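Accompanying notes for the structure given below.
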Amino acid sequence: GEDVEQSLFLSVREGDSSVINCTYTDSSSTYLYWYKQEPGAGLQLLTYIFSNMDMKQDQRLTVLLNKKDKHLSLRIADTQTGDSAIYFCAGADGSSNTGKLIFGQGTTLQVKP
Amino acid sequence: SAVISQKPSRDICQRGTSLTIQCQVDSQVTMMFWYRQQPGQSLTLIATANQGSEATYESGFVIDKFPISRPNLTFSTLTVSNMSPEDSSIYLCSVLTVNTEAFFGQGTRLTVV
């Protein structure tokens with residue numbers, strides 16, 4: 001089955017770029033997602049990428065997918081204090097093709113003023 | 001997109017009792033899921049809610065403990081039965097749209113005392 005791994009913590013200064021990394025094991029994952037979770041809140045879908053894409057950009061967010069290395073990254077440009085949150089990557093379970101998501105452990109992003 | 005209304009948002013329950021969580025989505029979706037997020041942890045899939053039939057449970061989760069209903073395409077309930085303090089978690093409803101976007105409700109924060 002799918003396994004998704006993330007680094008647990010990232011600290012950046014306001015205005016810098018943040019890069020959150022994720023690796024996955026299931027090469028048949030069709031979609032890969034990024035979510036943001038603020039304290040006491042649910043999960044906010046930030047963006048997702050189809051497995052046949054290499055890159056997707058949406059305003060300050062850029063997703064890069066390296067299928068060969070099974071590596072996914074989320075780059076946040078001009079990081080703001082409001083970006084402080086936990087970021088989860090998730091892969092769709094390609095083996096079952098049922099839309100189930102397998103989540104990484106989450107990366108806590110701390111943005112210092 | 002899809003807007004999910006999940007109720008209650010939080011509850012404190014006595015051990016041995018049951019709590020039913022409701023999930024309503026504002027549009028027809030292809031799939032509905034229930035996830036659990038234990039304190040400080042990532043998300044784990046409990047089950048897929050199937051319309052008009054029994055839910056499909058993941059390993060480690062059983063129907064007697066987590067009965068699920070999905071009477072139509074836009075509504076589902078999850079019951080946490082015979083609760084113990086170990087059931088204290090955030091329970092999240094998730095939907096998959098026809099565009100393969102996976103959205104989450106705000107979650108139900110359950111504390112069992």
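In the structure tokens, the first chain shown is A, the next is B, and so on; residue numbers restart at 1 for each chain, and ligands run from 1 in the order shown.
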Contact set, chain B to chain A: 7 Å, only C-alpha atoms, as a PyMOL selection string = chain B and resi 41-43+96+103-107
Written selection (N, CA, C and O atoms) as a PDB file, in the first residue's frame:
ATOM      1  N   GLN B  41      -1.620  13.853  15.589  1.00  0.00           N
ATOM      2  CA  GLN B  41      -1.316  12.850  14.568  1.00  0.00           C
ATOM      3  C   GLN B  41      -1.858  13.265  13.203  1.00  0.00           C
ATOM      4  O   GLN B  41      -2.536  14.286  13.069  1.00  0.00           O
ATOM      5  N   SER B  42      -1.563  12.421  12.241  1.00  0.00           N
ATOM      6  CA  SER B  42      -2.103  12.627  10.903  1.00  0.00           C
ATOM      7  C   SER B  42      -3.494  11.998  10.797  1.00  0.00           C
ATOM      8  O   SER B  42      -4.065  11.562  11.797  1.00  0.00           O
ATOM      9  N   LEU B  43      -4.010  11.948   9.592  1.00  0.00           N
ATOM     10  CA  LEU B  43      -5.354  11.409   9.381  1.00  0.00           C
ATOM     11  C   LEU B  43      -5.297   9.945   8.974  1.00  0.00           C
ATOM     12  O   LEU B  43      -4.438   9.540   8.185  1.00  0.00           O
ATOM     13  N   LEU B  96     -15.263  13.375  -2.349  1.00  0.00           N
ATOM     14  CA  LEU B  96     -14.521  13.429  -3.604  1.00  0.00           C
ATOM     15  C   LEU B  96     -15.489  13.867  -4.685  1.00  0.00           C
ATOM     16  O   LEU B  96     -16.548  13.246  -4.863  1.00  0.00           O
ATOM     17  N   PHE B 103     -12.391  17.277  -0.617  1.00  0.00           N
ATOM     18  CA  PHE B 103     -12.641  18.312   0.380  1.00  0.00           C
ATOM     19  C   PHE B 103     -12.961  17.687   1.726  1.00  0.00           C
ATOM     20  O   PHE B 103     -13.473  16.559   1.801  1.00  0.00           O
ATOM     21  N   PHE B 104     -12.688  18.471   2.775  1.00  0.00           N
ATOM     22  CA  PHE B 104     -12.936  18.022   4.137  1.00  0.00           C
ATOM     23  C   PHE B 104     -13.854  18.989   4.864  1.00  0.00           C
ATOM     24  O   PHE B 104     -13.834  20.203   4.605  1.00  0.00           O
ATOM     25  N   GLY B 105     -14.644  18.424   5.775  1.00  0.00           N
ATOM     26  CA  GLY B 105     -15.406  19.249   6.686  1.00  0.00           C
ATOM     27  C   GLY B 105     -14.498  19.838   7.752  1.00  0.00           C
ATOM     28  O   GLY B 105     -13.298  19.533   7.814  1.00  0.00           O
ATOM     29  N   GLN B 106     -15.067  20.653   8.617  1.00  0.00           N
ATOM     30  CA  GLN B 106     -14.292  21.305   9.669  1.00  0.00           C
ATOM     31  C   GLN B 106     -13.961  20.360  10.824  1.00  0.00           C
ATOM     32  O   GLN B 106     -13.177  20.704  11.694  1.00  0.00           O
ATOM     33  N   GLY B 107     -14.567  19.205  10.816  1.00  0.00           N
ATOM     34  CA  GLY B 107     -14.237  18.221  11.833  1.00  0.00           C
ATOM     35  C   GLY B 107     -15.104  18.322  13.073  1.00  0.00           C
ATOM     36  O   GLY B 107     -15.692  19.366  13.372  1.00  0.00           O
TER      37      GLY B 107
END
ask   = Any idea what's packed within 7 Å of Thr108 in chain B, counting only C-alpha atoms, ignoring anything in its chain fewer than 5 positions away? Could you give it as a PyMOL selection string?
value = chain B and resi 7-10+90-92
Restricted to all heavy atoms, what would the selected residues look like written as a tab-separated table (two decimals), in the first residue's frame?
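Output saved as again09.tsv:
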chain	number	residue	atom	x	y	z
B	7	LYS	N	-21.67	18.36	11.76
B	7	LYS	CA	-22.21	18.69	13.08
B	7	LYS	C	-22.18	17.47	13.98
B	7	LYS	O	-22.42	16.35	13.49
B	7	LYS	CB	-23.66	19.17	12.96
B	7	LYS	CG	-23.83	20.45	12.21
B	7	LYS	CD	-25.25	20.99	12.33
B	7	LYS	CE	-26.24	20.17	11.54
B	7	LYS	NZ	-27.57	20.82	11.48
B	8	PRO	N	-21.92	17.61	15.29
B	8	PRO	CA	-21.53	18.87	15.95
B	8	PRO	C	-20.07	19.20	15.67
B	8	PRO	O	-19.31	18.36	15.20
B	8	PRO	CB	-21.74	18.54	17.43
B	8	PRO	CG	-21.44	17.08	17.52
B	8	PRO	CD	-21.95	16.48	16.23
B	9	SER	N	-19.67	20.42	15.97
B	9	SER	CA	-18.28	20.81	15.76
B	9	SER	C	-17.40	20.28	16.89
B	9	SER	O	-16.21	20.05	16.70
B	9	SER	CB	-18.15	22.32	15.65
B	9	SER	OG	-18.65	22.93	16.83
B	10	ARG	N	-17.99	20.12	18.05
B	10	ARG	CA	-17.26	19.54	19.18
B	10	ARG	C	-18.24	19.00	20.19
B	10	ARG	O	-19.41	19.41	20.22
B	10	ARG	CB	-16.32	20.57	19.84
B	10	ARG	CG	-17.03	21.78	20.42
B	10	ARG	CD	-16.06	22.74	21.10
B	10	ARG	NE	-15.10	23.32	20.17
B	10	ARG	CZ	-13.78	23.13	20.24
B	10	ARG	NH1	-13.26	22.38	21.19
B	10	ARG	NH2	-12.99	23.71	19.36
B	90	ILE	N	-10.32	13.98	16.54
B	90	ILE	CA	-11.10	14.78	15.60
B	90	ILE	C	-11.59	13.81	14.52
B	90	ILE	O	-10.80	13.03	13.97
B	90	ILE	CB	-10.26	15.88	14.95
B	90	ILE	CG1	-9.69	16.81	16.01
B	90	ILE	CG2	-11.10	16.68	13.95
B	90	ILE	CD1	-8.69	17.82	15.47
B	91	TYR	N	-12.87	13.86	14.23
B	91	TYR	CA	-13.46	13.02	13.19
B	91	TYR	C	-13.85	13.93	12.03
B	91	TYR	O	-14.53	14.95	12.22
B	91	TYR	CB	-14.67	12.26	13.74
B	91	TYR	CG	-14.27	11.23	14.77
B	91	TYR	CD1	-14.13	11.60	16.11
B	91	TYR	CD2	-13.98	9.92	14.42
B	91	TYR	CE1	-13.72	10.68	17.06
B	91	TYR	CE2	-13.57	8.99	15.36
B	91	TYR	CZ	-13.44	9.38	16.68
B	91	TYR	OH	-13.02	8.47	17.62
B	92	LEU	N	-13.39	13.56	10.84
B	92	LEU	CA	-13.59	14.41	9.68
B	92	LEU	C	-14.30	13.67	8.56
B	92	LEU	O	-13.93	12.53	8.22
B	92	LEU	CB	-12.25	14.93	9.15
B	92	LEU	CG	-11.45	15.81	10.11
B	92	LEU	CD1	-10.19	15.10	10.54
B	92	LEU	CD2	-11.11	17.13	9.45
request  = Please identify all polymer residues within 10 Å of Ser59 in chain B, counting only C-alpha atoms, omitting same-chain residues fewer than 5 positions from it, and present them as a PyMOL selection string.
outcome  = chain B and resi 45-47
message = Please list as a PyMOL selection string every residue within 9 Å of range 80-87 of chain A, counting only C-alpha atoms and excluding residues in the same chain fewer than 3 positions away.
response = chain A and resi 9+13-16+20+34-39+76-77+105-113
remark   = The distance between CA of Ser7 in chain A and CA of Val19 in chain A is 10.7 Å
